[in-house]
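Written below as structure tokens is the structure these notes are about.
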Amino acid sequence: MFDALAAAAVADELAATILDGRIQRIGLVNRRTLAAEVYAGGRRRALIASADDRDARIHLAPAMPSLDADLITPFGLLLRKYLRGGIIGAIEQPPLERVIVLSIAKRLPSEQERRAMRKAELEDIVADDSSAARTDDSHDSDDESDDEGEIDATWVHLHVEIMGRHSNLILVDDQGEIMDAAKRVNPSMSRVRPVQPHRIFIPPPPQERPDPRKLTGQSAADLLSAANEDQPLAKWLPATLRGVSPQMAREIAFRSTGNANACVRDARHDPGSLARETRALLEPLLTSAWSPCVYLEDAQPDDEGDNDHPAAAWAPIPMAHLAAGLREERVRNISDAIFRAGGDDRSDAPVKHAQRRERLLASIRSAREKHVRRLANVRHQGEQAAEIDTLRTWGELIYANLWQIRPGQSEFEADGVLVPLDPGRPAKDVAQEYFERYRNAQRAEVHQEELEGEIAAELAWLDQLDLLVRQAAGFAELEAIAGEWDTHQPERAGSRPRKRPQPRRPRPLLDDDGNAVYIGHTSTQNDQVTFDIAGPDDTWLHARGVAGSHVIIRWRNPAAEERETTVLAAAALAAWYSAGRDSARVEVDVARRRHVRKIKGGRSGMVTYRNERTIAVRPADESGVMDTLAGTTRE
């Protein structure tokens, strides 16, 4: 829906609201989305620009979203350096393109100011995002402007390209050289238009198609006569005219023929109407007479009388073909329409939590990929070790036949064995290499099983950690897992250790006999519930063959028989807090705690066990086992 019309409407809105404004804060919400607080016309406004493949956009937002202070990228640092404190001097949209260019001027600082800025940037990086919300009141005055000398101003240009999966945010200097981009595109990805630092910026290739703003009845007739009459207009128009989107094409078809699904043959009867409606649709590009609308599927308000539902569609001007099947609602401006279309996904409430979760998952998964590659290398070496007897035989045969091997010989045969040689090296050196490879292969064969076991254990721990991060219910749990992860990472030069909350003792669920069920939600808690809280005769449960939390039942009377209803409830919890959560039935192993042992040298929460029995249960969370644990309460 973000087409050339929408881009023009956004450009007009931005020019009317934030042109000549000062960028007071800027940063990344995620790797492909930036947010900036702009002070203009006596008020602050939040500007969002995203190159997300599925939700690329640029618009003003009701409030500034949370910036990810821990997300440090070269592109983000350049935004801070060249845009923060700058003045938006120009806002342009190339005709019929889904591109908006923001030109920002910023006074070059003195050397003393540069030192102060570097210090501020370092403080910004380590500070919490909330500290970035503080704004100097001296910036909130229109009187304070560029009196410090325009001759020292440097210009940069932020190109916001909203083009589906090719969307991008590109920062370009005043000489036309790319400084950096949200998405770097190397020549192997695109020969026509690579996007990398220090390359000359190349605009998106122009469409070699007729300009729809100049379409006449005669030119429309000529174009229609050459087209397949069975082709839908909604497909033919975007492929034929420059800058026409599928949504615009359906509207043109509806206005000119009365049917959004009309074919080319339907338009041939009156090509003049097609030309008039096309020009009329694009008239706001000249007049800036925008009337943004959203289109809702449900015409009824919810139980609380709230009509603010996510929009099924939106447009910068009324679209008759959408109004024919949906409820049309006018909105104040194009940014409101874009924001409404995002629905709950634009809410900022879970943003910081999600940012921390995704960053931690990315780090864990990167480490996992390295261990997968390492395991493949070890196994490859093991395959080579199978040839060790051949290497030894070759070396022995060379030494036994040195007297008859001629210089420059590439191979020779002895005792029915063909031995490869290197024509450029003495045969004796080749024999020594074969013996060295033989000794290395012997060592690899001896340690291969041990190495494979170590790597497999590390992969299992990483899978466990990945699951715990994805299932972390709150900020405290996520931070505790992040603390565990940090303790296993090599120290970075110059980095300061981050304070993490101490792991809390899990709170139990109690059945009506007073038996307590504990769940480990982090690796440390898994160790804690299994080896600190549980006694040797208590019951330990874990989903079979998949990553999951440790669950234990601390029996009020460990010498008595296990209470089966409590075991089934605990097994349902073990299934819920496992990688099998989405399955209809999950197998859960049940064992006495005395049969569970830590893996020697293994990470936290990694155990081995024996004498287990296996039961199949339906996964259920705490609320789902309340009936099974009759009278269950939380301590």
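Naming works like this for the structure tokens: A, B, ... for the chains as they're shown, residue 1 at the start of each chain, ligands 1 onward in shown order.
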Practice problem: Find the residues around region 21-27 of chain A up to 6 Å (only C-alpha atoms counted), leave out those fewer than 6 positions away in its own chain, and share them as a list in words. | Solution: Leu34, Ala35, Ala36, Glu37, Val38, Tyr39, Ala40, Leu67, Arg84, Gly85, Gly86, Ile87 and Ile88 of chain A
Can you pull out every residue within 9 Å of Pro271 (chain A), counting only C-alpha atoms, but drop anything in the same chain fewer than 3 positions away, and send it as a PDB file with N, CA, C and O atoms, in the first residue's frame?
```
ATOM      1  N   THR A 216      -3.353  10.318 -22.284  1.00  0.00           N
ATOM      2  CA  THR A 216      -4.490  10.856 -23.038  1.00  0.00           C
ATOM      3  C   THR A 216      -5.343   9.701 -23.554  1.00  0.00           C
ATOM      4  O   THR A 216      -4.933   8.529 -23.492  1.00  0.00           O
ATOM      5  N   GLY A 217      -6.532  10.064 -24.060  1.00  0.00           N
ATOM      6  CA  GLY A 217      -7.397   9.034 -24.597  1.00  0.00           C
ATOM      7  C   GLY A 217      -6.746   8.274 -25.735  1.00  0.00           C
ATOM      8  O   GLY A 217      -6.861   7.047 -25.827  1.00  0.00           O
ATOM      9  N   GLN A 218      -6.046   8.995 -26.643  1.00  0.00           N
ATOM     10  CA  GLN A 218      -5.413   8.350 -27.773  1.00  0.00           C
ATOM     11  C   GLN A 218      -4.259   7.444 -27.337  1.00  0.00           C
ATOM     12  O   GLN A 218      -4.130   6.303 -27.812  1.00  0.00           O
ATOM     13  N   SER A 219      -3.401   7.944 -26.412  1.00  0.00           N
ATOM     14  CA  SER A 219      -2.277   7.117 -25.965  1.00  0.00           C
ATOM     15  C   SER A 219      -2.781   5.897 -25.188  1.00  0.00           C
ATOM     16  O   SER A 219      -2.208   4.810 -25.277  1.00  0.00           O
ATOM     17  N   ALA A 220      -3.864   6.069 -24.419  1.00  0.00           N
ATOM     18  CA  ALA A 220      -4.439   4.923 -23.706  1.00  0.00           C
ATOM     19  C   ALA A 220      -4.968   3.894 -24.695  1.00  0.00           C
ATOM     20  O   ALA A 220      -4.787   2.675 -24.514  1.00  0.00           O
ATOM     21  N   ALA A 221      -5.622   4.380 -25.781  1.00  0.00           N
ATOM     22  CA  ALA A 221      -6.141   3.449 -26.792  1.00  0.00           C
ATOM     23  C   ALA A 221      -5.016   2.680 -27.457  1.00  0.00           C
ATOM     24  O   ALA A 221      -5.132   1.465 -27.711  1.00  0.00           O
ATOM     25  N   LEU A 224      -3.748   0.048 -24.991  1.00  0.00           N
ATOM     26  CA  LEU A 224      -4.718  -1.025 -24.803  1.00  0.00           C
ATOM     27  C   LEU A 224      -4.784  -1.945 -26.026  1.00  0.00           C
ATOM     28  O   LEU A 224      -4.970  -3.161 -25.889  1.00  0.00           O
ATOM     29  N   SER A 256     -13.149   3.628 -13.827  1.00  0.00           N
ATOM     30  CA  SER A 256     -13.381   3.748 -15.270  1.00  0.00           C
ATOM     31  C   SER A 256     -14.353   2.706 -15.822  1.00  0.00           C
ATOM     32  O   SER A 256     -14.989   2.933 -16.852  1.00  0.00           O
ATOM     33  N   ALA A 267     -11.865  -2.063 -20.828  1.00  0.00           N
ATOM     34  CA  ALA A 267     -11.412  -0.671 -20.914  1.00  0.00           C
ATOM     35  C   ALA A 267     -11.308  -0.194 -22.358  1.00  0.00           C
ATOM     36  O   ALA A 267     -11.269   1.017 -22.597  1.00  0.00           O
ATOM     37  N   ARG A 268     -11.266  -1.119 -23.318  1.00  0.00           N
ATOM     38  CA  ARG A 268     -11.114  -0.711 -24.718  1.00  0.00           C
ATOM     39  C   ARG A 268     -12.339   0.042 -25.232  1.00  0.00           C
ATOM     40  O   ARG A 268     -12.234   0.818 -26.179  1.00  0.00           O
ATOM     41  N   LEU A 274     -10.523   5.815 -19.069  1.00  0.00           N
ATOM     42  CA  LEU A 274      -9.342   5.282 -18.370  1.00  0.00           C
ATOM     43  C   LEU A 274      -8.292   6.373 -18.191  1.00  0.00           C
ATOM     44  O   LEU A 274      -7.699   6.501 -17.103  1.00  0.00           O
ATOM     45  N   ALA A 275      -8.059   7.172 -19.230  1.00  0.00           N
ATOM     46  CA  ALA A 275      -7.060   8.243 -19.144  1.00  0.00           C
ATOM     47  C   ALA A 275      -7.491   9.302 -18.147  1.00  0.00           C
ATOM     48  O   ALA A 275      -6.679   9.776 -17.335  1.00  0.00           O
ATOM     49  N   ARG A 276      -8.772   9.704 -18.171  1.00  0.00           N
ATOM     50  CA  ARG A 276      -9.252  10.745 -17.248  1.00  0.00           C
ATOM     51  C   ARG A 276      -9.152  10.298 -15.798  1.00  0.00           C
ATOM     52  O   ARG A 276      -8.713  11.055 -14.930  1.00  0.00           O
TER      53      ARG A 276
END
```
Quiz prompt | DSSP-assigned alpha helix (DSSP H) members of region 222-271 of chain A, reported as an NGL selection string | solution = :A and (222-225 or 233-240 or 246-257 or 264-268 or 271)
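For region 225-468 of chain A, backbone-based DSSP assignment of strand (DSSP E) covers A:Cys293, A:Val294, A:Tyr295, A:Leu296, A:Ala313, A:Trp314, A:Ala315, A:Arg327, A:Glu328, A:Glu329, A:Arg330, A:Glu411, A:Phe412, A:Glu413, A:Ala414, A:Val417, A:Leu418, A:Val419, A:Pro420.
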Same residues, C-alpha atoms, output as a PDB file, in the first residue's frame:
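Generated output (again-v4.pdb):
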```pdb
ATOM      1  CA  CYS A 293      -8.549   7.124   4.864  1.00  0.00           C
ATOM      2  CA  VAL A 294      -8.416   3.766   6.585  1.00  0.00           C
ATOM      3  CA  TYR A 295     -10.680   0.860   5.690  1.00  0.00           C
ATOM      4  CA  LEU A 296     -12.027  -1.458   8.366  1.00  0.00           C
ATOM      5  CA  ALA A 313      -6.253  -1.110   4.162  1.00  0.00           C
ATOM      6  CA  TRP A 314      -5.319   2.555   3.963  1.00  0.00           C
ATOM      7  CA  ALA A 315      -4.770   5.187   1.303  1.00  0.00           C
ATOM      8  CA  ARG A 327     -16.028   0.687   6.118  1.00  0.00           C
ATOM      9  CA  GLU A 328     -14.238   3.897   5.183  1.00  0.00           C
ATOM     10  CA  GLU A 329     -12.978   6.153   7.973  1.00  0.00           C
ATOM     11  CA  ARG A 330     -11.248   9.492   7.427  1.00  0.00           C
ATOM     12  CA  GLU A 411      54.081 -41.725  -8.818  1.00  0.00           C
ATOM     13  CA  PHE A 412      55.516 -45.228  -8.634  1.00  0.00           C
ATOM     14  CA  GLU A 413      54.196 -48.716  -7.992  1.00  0.00           C
ATOM     15  CA  ALA A 414      55.548 -51.177  -5.434  1.00  0.00           C
ATOM     16  CA  VAL A 417      50.363 -50.297  -4.467  1.00  0.00           C
ATOM     17  CA  LEU A 418      50.381 -47.040  -6.478  1.00  0.00           C
ATOM     18  CA  VAL A 419      52.135 -44.355  -4.400  1.00  0.00           C
ATOM     19  CA  PRO A 420      51.572 -40.626  -5.304  1.00  0.00           C
TER      20      PRO A 420
END
```
